[in-house]
$ cat query_28.tsv   # TSV, C-alpha atoms
chain	number	residue	atom	x	y	z
A	11	MET	CA	0.00	0.00	0.00
A	12	ASP	CA	1.14	3.54	-0.73
A	13	HIS	CA	1.42	5.36	2.60
A	14	GLU	CA	0.86	8.73	0.88
A	15	THR	CA	-2.69	7.86	-0.08
A	16	LEU	CA	-3.83	6.24	3.16
A	17	THR	CA	-6.79	7.74	4.96
A	18	PRO	CA	-8.32	7.07	8.38
A	19	LEU	CA	-11.32	4.78	8.58
A	20	PRO	CA	-14.42	5.72	10.56
A	21	GLY	CA	-13.76	4.06	13.91
A	22	ALA	CA	-17.38	3.40	14.93
A	23	GLU	CA	-18.10	1.62	11.67
A	24	LEU	CA	-15.00	-0.50	11.93
A	25	ARG	CA	-15.23	-1.43	15.62
A	26	PRO	CA	-17.66	-4.43	15.30
A	27	ARG	CA	-15.60	-5.89	12.44
A	28	VAL	CA	-12.43	-5.52	14.52
A	29	PHE	CA	-13.96	-7.35	17.48
A	30	ASP	CA	-15.15	-10.13	15.19
A	31	SER	CA	-11.69	-10.37	13.64
A	32	ILE	CA	-10.00	-10.51	17.05
A	33	SER	CA	-12.41	-13.26	18.13
A	34	ARG	CA	-11.57	-15.39	15.10
A	35	LEU	CA	-7.79	-14.78	15.09
A	36	LEU	CA	-6.89	-14.67	18.77
A	37	PRO	CA	-6.98	-18.47	19.32
A	38	ARG	CA	-4.57	-18.99	16.40
A	39	VAL	CA	-2.11	-16.39	17.70
A	40	ILE	CA	-2.06	-17.67	21.27
A	41	GLY	CA	-2.10	-21.29	20.11
A	42	ARG	CA	-5.15	-22.53	22.00
A	43	GLU	CA	-8.93	-22.57	21.67
A	44	LEU	CA	-11.03	-20.19	23.75
A	45	PRO	CA	-14.65	-21.17	24.55
A	46	THR	CA	-15.77	-17.54	24.59
A	47	ILE	CA	-14.07	-14.24	23.93
A	48	SER	CA	-15.41	-11.26	25.84
A	49	GLU	CA	-14.67	-7.54	25.72
A	50	ASP	CA	-13.17	-7.53	29.21
A	51	MET	CA	-10.90	-10.55	28.71
A	52	LYS	CA	-7.36	-9.53	29.77
A	53	LEU	CA	-4.80	-10.00	27.02
A	54	MET	CA	-1.67	-10.26	29.14
A	55	SER	CA	-2.71	-11.43	32.59
A	56	GLU	CA	-5.46	-13.81	31.40
A	57	LEU	CA	-4.29	-14.96	27.98
A	58	GLY	CA	-0.53	-14.66	28.55
A	59	MET	CA	0.05	-12.41	25.56
A	60	ARG	CA	3.22	-10.38	25.25
A	61	SER	CA	4.07	-7.44	23.02
A	62	ALA	CA	5.41	-9.75	20.28
A	63	SER	CA	2.22	-11.83	20.14
A	64	MET	CA	0.18	-8.63	20.28
A	65	LEU	CA	2.03	-7.35	17.20
A	66	GLU	CA	1.48	-10.69	15.45
A	67	LEU	CA	-2.23	-10.37	16.18
A	68	LEU	CA	-2.23	-6.86	14.70
A	69	LEU	CA	-0.60	-8.22	11.52
A	70	GLU	CA	-3.25	-10.94	11.27
A	71	ILE	CA	-6.00	-8.36	11.70
A	72	GLU	CA	-4.44	-6.08	9.08
A	73	ASP	CA	-4.53	-8.95	6.59
A	74	ASP	CA	-8.02	-10.02	7.62
A	75	LEU	CA	-9.60	-6.56	7.32
A	76	ASP	CA	-7.28	-5.18	4.62
A	77	ILE	CA	-6.27	-2.21	6.75
A	78	GLN	CA	-3.09	-0.78	8.18
A	79	ILE	CA	-2.79	0.00	11.86
A	80	GLU	CA	-0.68	2.92	13.07
A	81	VAL	CA	1.26	1.55	16.01
A	82	GLU	CA	3.39	4.51	17.06
A	83	ASP	CA	0.86	5.31	19.80
A	84	ILE	CA	0.52	1.73	20.96
A	85	ASP	CA	0.66	1.40	24.73
A	86	GLY	CA	0.45	-2.02	26.34
A	87	THR	CA	-0.85	-0.69	29.63
A	88	ALA	CA	-3.73	1.12	27.90
A	89	MET	CA	-4.70	-2.00	25.96
A	90	SER	CA	-5.15	-4.49	28.72
A	91	SER	CA	-8.38	-6.09	27.45
A	92	VAL	CA	-9.84	-7.37	24.19
A	93	GLY	CA	-12.17	-4.37	24.19
A	94	ASP	CA	-9.27	-1.94	24.66
A	95	LEU	CA	-7.46	-3.55	21.73
A	96	ALA	CA	-10.55	-3.29	19.54
A	97	ASP	CA	-10.90	0.39	20.47
A	98	PHE	CA	-7.24	1.03	19.65
A	99	ILE	CA	-7.41	-0.68	16.27
A	100	ALA	CA	-10.69	1.01	15.32
A	101	SER	CA	-9.21	4.41	16.10
A	102	HIS	CA	-5.80	3.79	14.49
A	103	ALA	CA	-6.79	2.07	11.24
A	104	ILE	CA	-6.00	3.53	7.85
A	105	THR	CA	-6.74	2.27	4.37
A	106	ASP	CA	-6.34	3.21	0.72
A	107	GLY	CA	-7.91	6.57	0.07
B	27	MET	CA	36.01	15.85	32.89
B	28	THR	CA	36.14	12.67	30.79
B	29	ALA	CA	36.14	13.43	27.07
B	30	ILE	CA	35.40	11.20	24.12
B	31	GLU	CA	37.97	12.55	21.71
B	32	ALA	CA	37.13	10.52	18.65
B	33	VAL	CA	34.84	7.71	17.56
B	34	ALA	CA	35.20	5.35	14.61
B	35	ALA	CA	32.80	2.70	13.39
B	36	TYR	CA	33.00	-0.23	11.03
B	37	LEU	CA	30.07	-2.06	9.46
B	38	PRO	CA	30.63	-5.19	7.35
B	39	GLU	CA	29.60	-4.84	3.71
B	40	GLN	CA	27.34	-7.88	3.55
B	41	ARG	CA	23.69	-6.92	4.04
B	42	ILE	CA	21.18	-9.60	5.02
B	43	SER	CA	17.47	-8.80	4.87
B	44	VAL	CA	15.44	-9.57	7.96
B	45	GLU	CA	13.45	-12.00	5.80
B	46	ASP	CA	16.59	-13.97	4.90
B	47	ALA	CA	17.79	-13.85	8.50
B	48	ALA	CA	14.37	-15.09	9.63
B	49	VAL	CA	14.64	-18.14	7.35
B	50	ARG	CA	17.93	-19.06	9.01
B	51	LEU	CA	16.34	-18.56	12.43
B	52	GLY	CA	13.29	-20.65	11.52
B	53	LEU	CA	10.76	-17.89	12.24
B	54	THR	CA	7.13	-18.04	11.11
B	55	ALA	CA	5.81	-15.67	8.45
B	56	MET	CA	4.14	-13.45	11.05
B	57	GLN	CA	7.18	-13.44	13.34
B	58	THR	CA	9.19	-12.32	10.32
B	59	ARG	CA	6.81	-9.65	9.05
B	60	LEU	CA	6.53	-7.80	12.32
B	61	PHE	CA	10.23	-6.89	12.16
B	62	ARG	CA	9.87	-4.78	9.04
B	63	ARG	CA	6.25	-3.72	9.50
B	64	PHE	CA	6.26	-2.68	13.15
B	65	LEU	CA	9.76	-2.81	14.64
B	66	GLY	CA	11.52	-0.86	11.89
B	67	LEU	CA	14.23	-3.38	11.09
B	68	ALA	CA	14.97	-4.12	7.43
B	69	GLU	CA	18.46	-5.56	7.25
B	70	ILE	CA	21.48	-6.46	9.32
B	71	ARG	CA	25.19	-6.48	8.53
B	72	LEU	CA	27.26	-9.63	8.79
B	73	ASP	CA	30.76	-10.76	7.95
B	74	PRO	CA	30.40	-14.56	8.00
B	75	GLY	CA	33.98	-15.17	6.93
B	76	GLY	CA	35.53	-12.60	9.24
B	77	SER	CA	36.83	-13.20	12.75
B	78	LEU	CA	36.28	-11.13	15.87
B	79	LEU	CA	39.82	-9.84	15.40
B	80	ASP	CA	38.92	-8.68	11.87
B	81	LEU	CA	35.82	-6.93	13.15
B	82	LEU	CA	37.50	-5.01	15.98
B	83	SER	CA	40.65	-4.27	13.94
B	84	ALA	CA	38.55	-2.64	11.22
B	85	ALA	CA	37.13	-0.16	13.73
B	86	VAL	CA	40.52	0.64	15.25
B	87	CYS	CA	42.04	1.14	11.79
B	88	ARG	CA	39.40	3.80	11.10
B	89	LEU	CA	40.27	5.73	14.27
B	90	ASP	CA	42.57	8.34	12.70
B	91	ALA	CA	42.97	10.22	15.99
B	92	LEU	CA	44.87	7.24	17.38
B	93	ARG	CA	47.65	7.36	14.74
B	94	GLY	CA	50.97	8.40	16.27
B	95	ARG	CA	49.50	8.48	19.78
B	96	GLU	CA	49.54	4.77	20.50
B	97	HIS	CA	52.18	5.29	23.20
B	98	GLN	CA	49.71	7.50	25.13
B	99	VAL	CA	47.13	4.72	25.39
B	100	ARG	CA	47.23	3.30	28.87
B	101	TYR	CA	44.07	1.19	28.83
B	102	VAL	CA	42.16	-0.77	26.22
B	103	LEU	CA	38.65	-1.75	27.33
B	104	TYR	CA	36.52	-4.15	25.33
B	105	ALA	CA	32.81	-3.66	26.08
B	106	ARG	CA	30.99	-6.89	25.42
B	107	ALA	CA	27.37	-8.02	25.76
B	108	MET	CA	28.22	-11.73	25.73
B	109	PRO	CA	30.27	-12.74	28.80
B	110	VAL	CA	32.13	-15.51	26.93
B	111	VAL	CA	32.91	-15.46	23.21
B	112	GLU	CA	36.00	-17.61	22.75
B	113	PRO	CA	37.67	-20.62	24.38
B	114	TYR	CA	40.66	-20.21	26.66
B	115	PRO	CA	43.49	-19.48	25.85
B	116	VAL	CA	42.33	-17.54	22.79
B	117	ASN	CA	42.54	-13.84	23.65
B	118	THR	CA	41.45	-11.72	20.74
B	119	LEU	CA	41.70	-8.48	22.68
B	120	ARG	CA	45.36	-9.13	23.44
B	121	GLU	CA	46.00	-10.13	19.84
B	122	LEU	CA	44.40	-6.92	18.69
B	123	CYS	CA	46.51	-4.79	21.04
B	124	LEU	CA	49.68	-6.39	19.71
B	125	LYS	CA	48.53	-5.96	16.12
B	126	VAL	CA	47.77	-2.24	16.39
B	127	GLY	CA	50.76	-1.18	18.49
B	128	LEU	CA	49.05	-1.18	21.87
B	129	GLY	CA	50.87	-4.13	23.40
B	130	HIS	CA	52.04	-1.94	26.28
B	131	ALA	CA	48.48	-1.04	27.35
B	132	VAL	CA	46.54	-2.72	30.12
B	133	SER	CA	43.70	-4.48	28.30
B	134	PHE	CA	40.58	-6.07	29.71
B	135	THR	CA	36.96	-6.85	28.95
B	136	VAL	CA	34.00	-5.11	30.56
B	137	THR	CA	30.83	-7.15	30.55
B	138	HIS	CA	27.74	-8.37	32.48
B	139	GLN	CA	25.60	-5.38	31.58
B	140	ALA	CA	24.73	-6.91	28.20
B	141	CYS	CA	24.16	-4.24	25.55
B	142	ALA	CA	24.44	-1.41	28.09
B	143	THR	CA	28.09	-2.31	28.73
B	144	GLY	CA	29.42	0.15	26.14
B	145	LEU	CA	28.41	3.15	28.23
B	146	LEU	CA	29.80	1.50	31.36
B	147	ALA	CA	33.16	1.04	29.61
B	148	ILE	CA	33.34	4.75	28.77
B	149	ASP	CA	32.66	5.55	32.42
B	150	VAL	CA	35.26	3.04	33.64
B	151	ALA	CA	37.84	4.41	31.19
B	152	GLY	CA	37.23	7.93	32.49
B	153	ARG	CA	37.55	6.79	36.09
B	154	LEU	CA	40.82	4.98	35.41
B	155	LEU	CA	42.30	8.01	33.66
B	156	ALA	CA	41.11	10.30	36.46
B	157	GLY	CA	42.68	8.00	39.02
B	158	ASP	CA	46.03	8.17	37.26
B	159	GLY	CA	45.81	11.92	36.76
B	160	GLU	CA	48.16	11.98	33.77
B	161	PRO	CA	46.82	14.62	31.39
B	162	ASP	CA	48.13	13.02	28.20
B	163	ALA	CA	47.01	9.47	28.95
B	164	LEU	CA	44.32	7.92	26.78
B	165	ALA	CA	42.01	4.93	26.88
B	166	LEU	CA	40.61	3.05	23.95
B	167	VAL	CA	37.09	1.65	24.32
B	168	LEU	CA	36.05	-1.04	21.84
B	169	ALA	CA	32.66	-2.57	21.14
B	170	GLY	CA	31.39	-5.08	18.60
B	171	GLU	CA	30.65	-8.80	18.55
B	172	LYS	CA	30.08	-11.71	16.24
B	173	ALA	CA	26.44	-12.79	16.03
B	174	PHE	CA	27.58	-16.38	16.39
B	175	THR	CA	24.76	-18.28	18.10
B	176	ARG	CA	20.97	-18.15	17.91
B	177	ASP	CA	20.86	-16.22	21.19
B	178	ALA	CA	23.36	-13.78	19.72
B	179	GLN	CA	21.24	-13.30	16.60
B	180	TYR	CA	17.71	-12.80	17.80
B	181	VAL	CA	15.54	-11.54	20.67
B	182	PRO	CA	12.06	-12.98	20.01
B	183	GLY	CA	9.63	-10.35	18.78
B	184	THR	CA	12.06	-7.59	19.64
B	185	SER	CA	15.28	-7.40	17.65
B	186	MET	CA	17.84	-9.03	15.40
B	187	PHE	CA	21.54	-8.65	16.05
B	188	GLY	CA	24.03	-7.65	13.40
B	189	GLU	CA	27.77	-7.24	13.35
B	190	GLY	CA	29.52	-3.91	13.62
B	191	ALA	CA	32.33	-2.47	15.70
B	192	THR	CA	33.35	0.84	17.21
B	193	ALA	CA	36.48	2.33	18.70
B	194	CYS	CA	36.36	5.36	21.02
B	195	LEU	CA	39.37	7.32	22.13
B	196	VAL	CA	38.82	8.58	25.67
B	197	SER	CA	40.90	11.21	27.44
B	198	LEU	CA	41.06	12.61	30.97
B	199	ASP	CA	39.81	15.99	29.80
B	200	GLY	CA	39.25	17.84	26.58
B	201	PRO	CA	37.03	20.24	24.67
B	202	ARG	CA	34.77	17.53	23.26
B	203	ASP	CA	32.85	15.38	23.67
B	204	ARG	CA	32.66	16.04	27.39
B	205	VAL	CA	30.87	13.40	29.46
B	206	LEU	CA	28.59	15.39	31.76
B	207	SER	CA	26.99	12.41	33.44
B	208	TYR	CA	26.46	8.67	33.45
B	209	ALA	CA	23.57	6.94	35.19
B	210	SER	CA	22.88	3.24	35.28
B	211	SER	CA	20.65	0.89	37.20
B	212	THR	CA	20.71	-2.89	37.19
B	213	ARG	CA	17.52	-4.84	37.85
B	214	GLY	CA	18.83	-8.25	38.73
B	215	GLU	CA	15.36	-9.72	39.09
B	216	PHE	CA	15.23	-9.85	35.29
B	217	ASP	CA	18.31	-12.05	34.97
B	218	GLY	CA	17.14	-15.14	33.12
B	219	ARG	CA	15.91	-16.43	29.79
B	220	LEU	CA	12.89	-14.34	28.83
B	221	ASP	CA	11.66	-16.98	26.37
B	222	ALA	CA	11.60	-19.62	29.11
B	223	LEU	CA	10.10	-17.48	31.84
B	224	PRO	CA	6.91	-15.89	30.49
B	225	GLU	CA	5.86	-14.33	33.79
B	226	MET	CA	9.23	-12.61	34.16
B	227	ALA	CA	9.14	-11.61	30.49
B	228	SER	CA	5.77	-9.99	30.99
B	229	ARG	CA	7.02	-8.00	33.99
B	230	PHE	CA	10.14	-7.01	32.06
B	231	GLU	CA	8.05	-5.63	29.21
B	232	LYS	CA	6.17	-3.43	31.65
B	233	GLU	CA	9.26	-2.31	33.51
B	234	TYR	CA	11.51	-1.72	30.48
B	235	PRO	CA	10.22	1.73	29.46
B	236	LEU	CA	9.91	2.87	33.07
B	237	SER	CA	13.44	1.82	33.94
B	238	LEU	CA	15.00	3.30	30.81
B	239	ALA	CA	13.09	6.55	31.40
B	240	GLU	CA	14.40	6.59	34.98
B	241	ALA	CA	17.99	6.11	33.81
B	242	ILE	CA	17.55	8.99	31.35
B	243	SER	CA	16.07	11.20	34.08
B	244	ALA	CA	18.91	10.32	36.44
B	245	ALA	CA	21.53	11.17	33.82
B	246	LEU	CA	19.83	14.49	33.08
B	247	ALA	CA	19.63	15.36	36.79
B	248	GLN	CA	23.26	14.43	37.35
B	249	ALA	CA	24.29	16.64	34.42
B	250	GLN	CA	22.00	19.40	35.71
B	251	VAL	CA	20.24	19.72	32.39
B	252	SER	CA	16.66	19.14	31.31
B	253	LEU	CA	15.27	17.05	28.49
B	254	GLU	CA	14.71	20.27	26.51
B	255	ASP	CA	18.49	20.79	26.56
B	256	ILE	CA	19.06	17.49	24.73
B	257	SER	CA	19.35	18.05	21.00
B	258	LEU	CA	19.66	14.41	20.03
B	259	ILE	CA	19.40	10.92	21.51
B	260	LEU	CA	21.85	8.35	20.22
B	261	PRO	CA	20.07	5.13	21.14
B	262	HIS	CA	20.77	1.46	21.16
B	263	ASN	CA	19.18	0.04	18.02
B	264	VAL	CA	16.96	-2.61	19.56
B	265	ASN	CA	14.01	-1.48	17.40
B	266	ALA	CA	12.26	1.73	16.39
B	267	LEU	CA	8.90	1.05	18.02
B	268	SER	CA	10.23	0.84	21.58
B	269	TRP	CA	11.90	4.23	21.14
B	270	GLN	CA	8.77	5.80	19.69
B	271	ARG	CA	6.83	4.57	22.70
B	272	LEU	CA	9.50	5.75	25.12
B	273	CYS	CA	9.55	9.18	23.49
B	274	ARG	CA	5.83	9.49	24.04
B	275	ARG	CA	6.27	8.50	27.67
B	276	ILE	CA	9.04	11.03	28.42
B	277	GLY	CA	7.79	13.77	26.11
B	278	PHE	CA	10.73	13.84	23.71
B	279	PRO	CA	10.29	14.37	19.95
B	280	PRO	CA	10.92	10.99	18.27
B	281	GLU	CA	12.45	12.72	15.25
B	282	ARG	CA	15.31	13.74	17.56
B	283	VAL	CA	16.21	10.12	18.25
B	284	LEU	CA	18.63	8.87	15.62
B	285	LEU	CA	16.79	5.74	14.49
B	286	ALA	CA	17.97	5.62	10.88
B	287	ASN	CA	20.47	2.86	11.59
B	288	VAL	CA	17.86	0.51	13.06
B	289	GLN	CA	16.81	-0.24	9.48
B	290	VAL	CA	20.27	-0.85	8.10
B	291	THR	CA	22.36	-2.32	10.90
B	292	GLY	CA	20.00	-4.08	13.26
B	293	HIS	CA	21.17	-4.22	16.86
B	294	ALA	CA	24.97	-4.34	17.03
B	295	PHE	CA	25.25	-5.23	20.73
B	296	CYS	CA	27.15	-2.56	22.73
B	297	ALA	CA	28.28	-0.66	19.64
B	298	ASP	CA	24.96	0.96	18.69
B	299	PRO	CA	25.22	4.37	20.43
B	300	PHE	CA	28.72	4.85	19.02
B	301	ILE	CA	27.74	3.73	15.50
B	302	ASN	CA	24.95	6.28	15.79
B	303	TYR	CA	27.44	8.89	16.97
B	304	THR	CA	29.45	8.50	13.75
B	305	THR	CA	26.25	8.75	11.69
B	306	ALA	CA	25.21	11.89	13.56
B	307	ALA	CA	28.65	13.38	12.93
B	308	GLU	CA	28.46	12.53	9.21
B	309	LEU	CA	25.02	14.13	9.01
B	310	GLY	CA	26.26	17.29	10.76
B	311	LEU	CA	23.90	16.78	13.69
B	312	LEU	CA	26.52	17.32	16.39
B	313	ARG	CA	27.14	20.99	17.08
B	314	PRO	CA	29.68	22.47	19.50
B	315	GLY	CA	28.13	23.21	22.87
B	316	ARG	CA	25.02	21.12	22.24
B	317	ARG	CA	24.13	18.29	24.60
B	318	TYR	CA	23.10	14.87	23.49
B	319	LEU	CA	22.25	11.68	25.24
B	320	LEU	CA	23.49	8.15	24.68
B	321	ALA	CA	21.14	5.50	26.00
B	322	ALA	CA	21.12	1.72	26.11
B	323	ALA	CA	19.44	-1.18	27.83
B	324	GLY	CA	20.88	-4.63	28.35
B	325	LEU	CA	19.10	-7.88	29.02
B	326	GLY	CA	19.58	-9.08	32.54
B	327	ALA	CA	18.72	-6.12	33.00
B	328	THR	CA	20.65	-2.85	32.97
B	329	PHE	CA	19.41	0.58	31.92
B	330	SER	CA	21.97	3.30	31.21
B	331	ALA	CA	22.19	6.83	29.92
B	332	MET	CA	25.01	9.31	29.42
B	333	VAL	CA	24.80	13.03	28.75
B	334	VAL	CA	27.59	14.41	26.59
B	335	GLU	CA	28.39	17.93	25.42
B	336	HIS	CA	29.86	18.27	21.97

$ encode --input "query_28.tsv" --output "structure tokens"
Amino acid sequence: MDHETLTPLPGAELRPRVFDSISRLLPRVIGRELPTISEDMKLMSELGMRSASMLELLLEIEDDLDIQIEVEDIDGTAMSSVGDLADFIASHAITDG
Amino acid sequence: MTAIEAVAAYLPEQRISVEDAAVRLGLTAMQTRLFRRFLGLAEIRLDPGGSLLDLLSAAVCRLDALRGREHQVRYVLYARAMPVVEPYPVNTLRELCLKVGLGHAVSFTVTHQACATGLLAIDVAGRLLAGDGEPDALALVLAGEKAFTRDAQYVPGTSMFGEGATACLVSLDGPRDRVLSYASSTRGEFDGRLDALPEMASRFEKEYPLSLAEAISAALAQAQVSLEDISLILPHNVNALSWQRLCRRIGFPPERVLLANVQVTGHAFCADPFINYTTAAELGLLRPGRRYLLAAAGLGATFSAMVVEH
């Protein structure tokens, strides 16, 4: 993708698709099945994710939704839950303008 | 006041893309992609046929300020991330000293602060020279290692190591670059294999930016300057993302951290801040009287920062 022509996506519109994508891809990234995935599920303390696996998940989501995610503002402490991650991605996604 | 009189750097010519390096390391496609996409690494430098002696010699040979002053060098310090790199009785440092006319100097290795050891070695060199009190005495501080095992090539999800070497000529005093401060803290609770201890690794990830920010603050306070007085940070090249996040935390403009080499050298162990120094000099970014900050973190874990005035 050409970075010059990328434009932000409307976050509210994207948010449900992001949560759905996280729900489908998270088990593959952490290497185990999850019976349910909830908004308040803790990524690090509950699922054992680390920054590397978080970045792998972001790559999977980029491919899945055909978006790019700006990660310069990423902050692990502010993204403790699945819901936080979905919020971050929805507000930091860009795509071809 | 300790002065870094001159710095020289050597990077091997062979460039290996992170994708090719990842194949050798057996990484998955996603583990590979995140290096270029998020961490800012694109290639590393290697000299597969070259020895450690070749690597270090190349840096010393580029240190023009040393020519004709070899007799003034009292100490040669080799800053090393890896505690052991060769079997006894091989002693590359001694071989190097003999090769470059420094056989008379006291030579030794400084280690156990992993990739933060380079800054420690500058501090130790300054202390030794100050203890002797001989105004013309010099110390030579070397850094650079062979990426010779898997552990020496890769930190999972964080960085890839490349080869490169630096040589710094340190004097008791001088007009530039004057070392205004050095601060370092070691967090021994993080000594262990991060890939085998996930709980410790998780804590380390949380503590890393806090501890590095604290080391930077301590160095600034010791130098009696503020972050606004720092014109440039010469970082260790672990990856670009961690520096962007740290900049946001401490309120420093990320464009004033010299991250250009992350893409083209990878993480060259203890040599990074000094490789970046030579790049900054080439780019005309070092101005007389300006202050800049060298910063590094080492697994194990040590966090260090040094304020220098050009």

$ atom_distance --input "query_28.tsv" --atom1 "CA of Ala169 in chain B" --atom2 "CA of Arg106 in chain B"
6.3 Å

$ closest_atom_pairs --input "query_28.tsv" --of "chain B" --to "chain A" --cutoff "12 Å" --atoms "all atoms listed in the file" --output "Markdown table"
| residue | atom | partner | partner_atom | distance |
| --- | --- | --- | --- | --- |
| B:Thr54 | CA | A:Glu66 | CA | 10.2 |
| B:Ala55 | CA | A:Glu66 | CA | 9.6 |
| B:Met56 | CA | A:Glu66 | CA | 5.8 |
| B:Gln57 | CA | A:Glu66 | CA | 6.7 |
| B:Thr58 | CA | A:Glu66 | CA | 9.4 |
| B:Arg59 | CA | A:Leu69 | CA | 7.9 |
| B:Leu60 | CA | A:Glu66 | CA | 6.6 |
| B:Phe61 | CA | A:Leu65 | CA | 9.6 |
| B:Arg62 | CA | A:Leu69 | CA | 11.3 |
| B:Arg63 | CA | A:Leu69 | CA | 8.4 |
| B:Phe64 | CA | A:Val81 | CA | 7.1 |
| B:Leu65 | CA | A:Leu65 | CA | 9.3 |
| B:Gly66 | CA | A:Glu82 | CA | 11.0 |
| B:Val181 | CA | A:Ala62 | CA | 10.3 |
| B:Pro182 | CA | A:Ala62 | CA | 7.4 |
| B:Gly183 | CA | A:Ala62 | CA | 4.5 |
| B:Thr184 | CA | A:Ala62 | CA | 7.0 |
| B:Ser185 | CA | A:Ala62 | CA | 10.5 |
| B:Leu220 | CA | A:Arg60 | CA | 11.0 |
| B:Asp221 | CA | A:Arg60 | CA | 10.8 |
| B:Leu223 | CA | A:Gly58 | CA | 11.5 |
| B:Pro224 | CA | A:Gly58 | CA | 7.8 |
| B:Glu225 | CA | A:Gly58 | CA | 8.3 |
| B:Met226 | CA | A:Arg60 | CA | 11.0 |
| B:Ala227 | CA | A:Arg60 | CA | 8.0 |
| B:Ser228 | CA | A:Arg60 | CA | 6.3 |
| B:Arg229 | CA | A:Arg60 | CA | 9.8 |
| B:Phe230 | CA | A:Arg60 | CA | 10.3 |
| B:Glu231 | CA | A:Ser61 | CA | 7.6 |
| B:Lys232 | CA | A:Thr87 | CA | 7.8 |
| B:Glu233 | CA | A:Thr87 | CA | 10.9 |
| B:Tyr234 | CA | A:Gly86 | CA | 11.8 |
| B:Pro235 | CA | A:Asp85 | CA | 10.7 |
| B:Leu236 | CA | A:Thr87 | CA | 11.8 |
| B:Ala266 | CA | A:Glu82 | CA | 9.3 |
| B:Leu267 | CA | A:Glu82 | CA | 6.6 |
| B:Ser268 | CA | A:Glu82 | CA | 9.0 |
| B:Trp269 | CA | A:Glu82 | CA | 9.4 |
| B:Gln270 | CA | A:Glu82 | CA | 6.1 |
| B:Arg271 | CA | A:Glu82 | CA | 6.6 |
| B:Leu272 | CA | A:Asp85 | CA | 9.9 |
| B:Cys273 | CA | A:Glu82 | CA | 10.1 |
| B:Arg274 | CA | A:Asp83 | CA | 7.8 |
| B:Arg275 | CA | A:Asp85 | CA | 9.5 |
| B:Pro280 | CA | A:Glu82 | CA | 10.0 |

$ residues_around --input "query_28.tsv" --residues "Val126 in chain B" --least-positions-apart "4" --cutoff "9 Å" --atoms "all atoms listed in the file" --output "PyMOL selection string"
chain B and resi 83+86-87+96+121-122

$ atom_distance --input "query_28.tsv" --atom1 "CA of Leu75 in chain A" --atom2 "CA of Thr105 in chain A"
9.7 Å

$ residues_around --input "query_28.tsv" --residues "Arg176 in chain B" --least-positions-apart "6" --cutoff "10 Å" --atoms "all atoms listed in the file" --output "PyMOL selection string"
chain B and resi 50-51+186-187

$ atom_distance --input "query_28.tsv" --atom1 "CA of Arg100 in chain B" --atom2 "CA of Gly200 in chain B"
16.7 Å

$ closest_residue --input "query_28.tsv" --among "B:Leu103, B:Leu79, B:Thr212, B:Ala239" --to "Val116 in chain B" --atoms "only C-alpha atoms"
B:Leu79

$ residues_around --input "query_28.tsv" --residues "His336 in chain B" --least-positions-apart "4" --cutoff "7 Å" --atoms "only C-alpha atoms" --output "PyMOL selection string"
chain B and resi 202-204+312-317

$ closest_residue --input "query_28.tsv" --among "B:Ser257, B:Leu309, B:Glu69, B:Ile242" --to "Ala331 in chain B" --atoms "only C-alpha atoms"
B:Ile242

$ closest_residue --input "query_28.tsv" --among "A:Ala22, A:Gly41, A:Lys52, A:Leu35" --to "Leu95 in chain A" --atoms "only C-alpha atoms"
A:Lys52

$ closest_residue --input "query_28.tsv" --among "B:Ser330, B:Asn287, B:Ser197, B:Thr192" --to "Glu31 in chain B" --atoms "only C-alpha atoms"
B:Ser197

$ residues_around --input "query_28.tsv" --residues "range 194-196 of chain B" --least-positions-apart "4" --cutoff "8 Å" --atoms "only C-alpha atoms" --output "PyMOL selection string"
chain B and resi 28-34+89+91-92+148+151-152+164-168+300

$ closest_residue --input "query_28.tsv" --among "A:Asp50, A:Leu36, A:Glu23, A:Val28" --to "Ile99 in chain A" --atoms "all atoms listed in the file"
A:Val28

$ residues_around --input "query_28.tsv" --residues "range 326-329 of chain B" --least-positions-apart "6" --cutoff "10 Å" --atoms "only C-alpha atoms" --output "list in words"
His138, Gln139, Ala140, Cys141, Ala142, Thr143, Ala209, Ser210, Ser211, Thr212, Arg213, Gly214, Glu215, Phe216, Asp217, Gly218, Arg219, Leu220, Phe230, Tyr234, Pro235, Leu236, Ser237, Leu238, Ala239, Glu240, Ala241 and Ile242 of chain B

$ build_atoms --input "query_28.tsv" --residues "range 240-245 of chain B" --atoms "N, CA and C atoms" --output "PDB file, keeping the file's coordinate frame"
ATOM      1  N   GLU B 240      13.767   6.191  33.711  1.00  0.00           N
ATOM      2  CA  GLU B 240      14.400   6.590  34.980  1.00  0.00           C
ATOM      3  C   GLU B 240      15.889   6.816  34.813  1.00  0.00           C
ATOM      4  N   ALA B 241      16.544   5.939  34.041  1.00  0.00           N
ATOM      5  CA  ALA B 241      17.990   6.110  33.810  1.00  0.00           C
ATOM      6  C   ALA B 241      18.249   7.425  33.066  1.00  0.00           C
ATOM      7  N   ILE B 242      17.394   7.733  32.099  1.00  0.00           N
ATOM      8  CA  ILE B 242      17.550   8.990  31.350  1.00  0.00           C
ATOM      9  C   ILE B 242      17.356  10.182  32.289  1.00  0.00           C
ATOM     10  N   SER B 243      16.326  10.108  33.120  1.00  0.00           N
ATOM     11  CA  SER B 243      16.070  11.200  34.080  1.00  0.00           C
ATOM     12  C   SER B 243      17.250  11.372  35.032  1.00  0.00           C
ATOM     13  N   ALA B 244      17.786  10.255  35.503  1.00  0.00           N
ATOM     14  CA  ALA B 244      18.910  10.320  36.440  1.00  0.00           C
ATOM     15  C   ALA B 244      20.134  10.949  35.784  1.00  0.00           C
ATOM     16  N   ALA B 245      20.379  10.593  34.530  1.00  0.00           N
ATOM     17  CA  ALA B 245      21.530  11.170  33.820  1.00  0.00           C
ATOM     18  C   ALA B 245      21.336  12.670  33.597  1.00  0.00           C
TER      19      ALA B 245
END
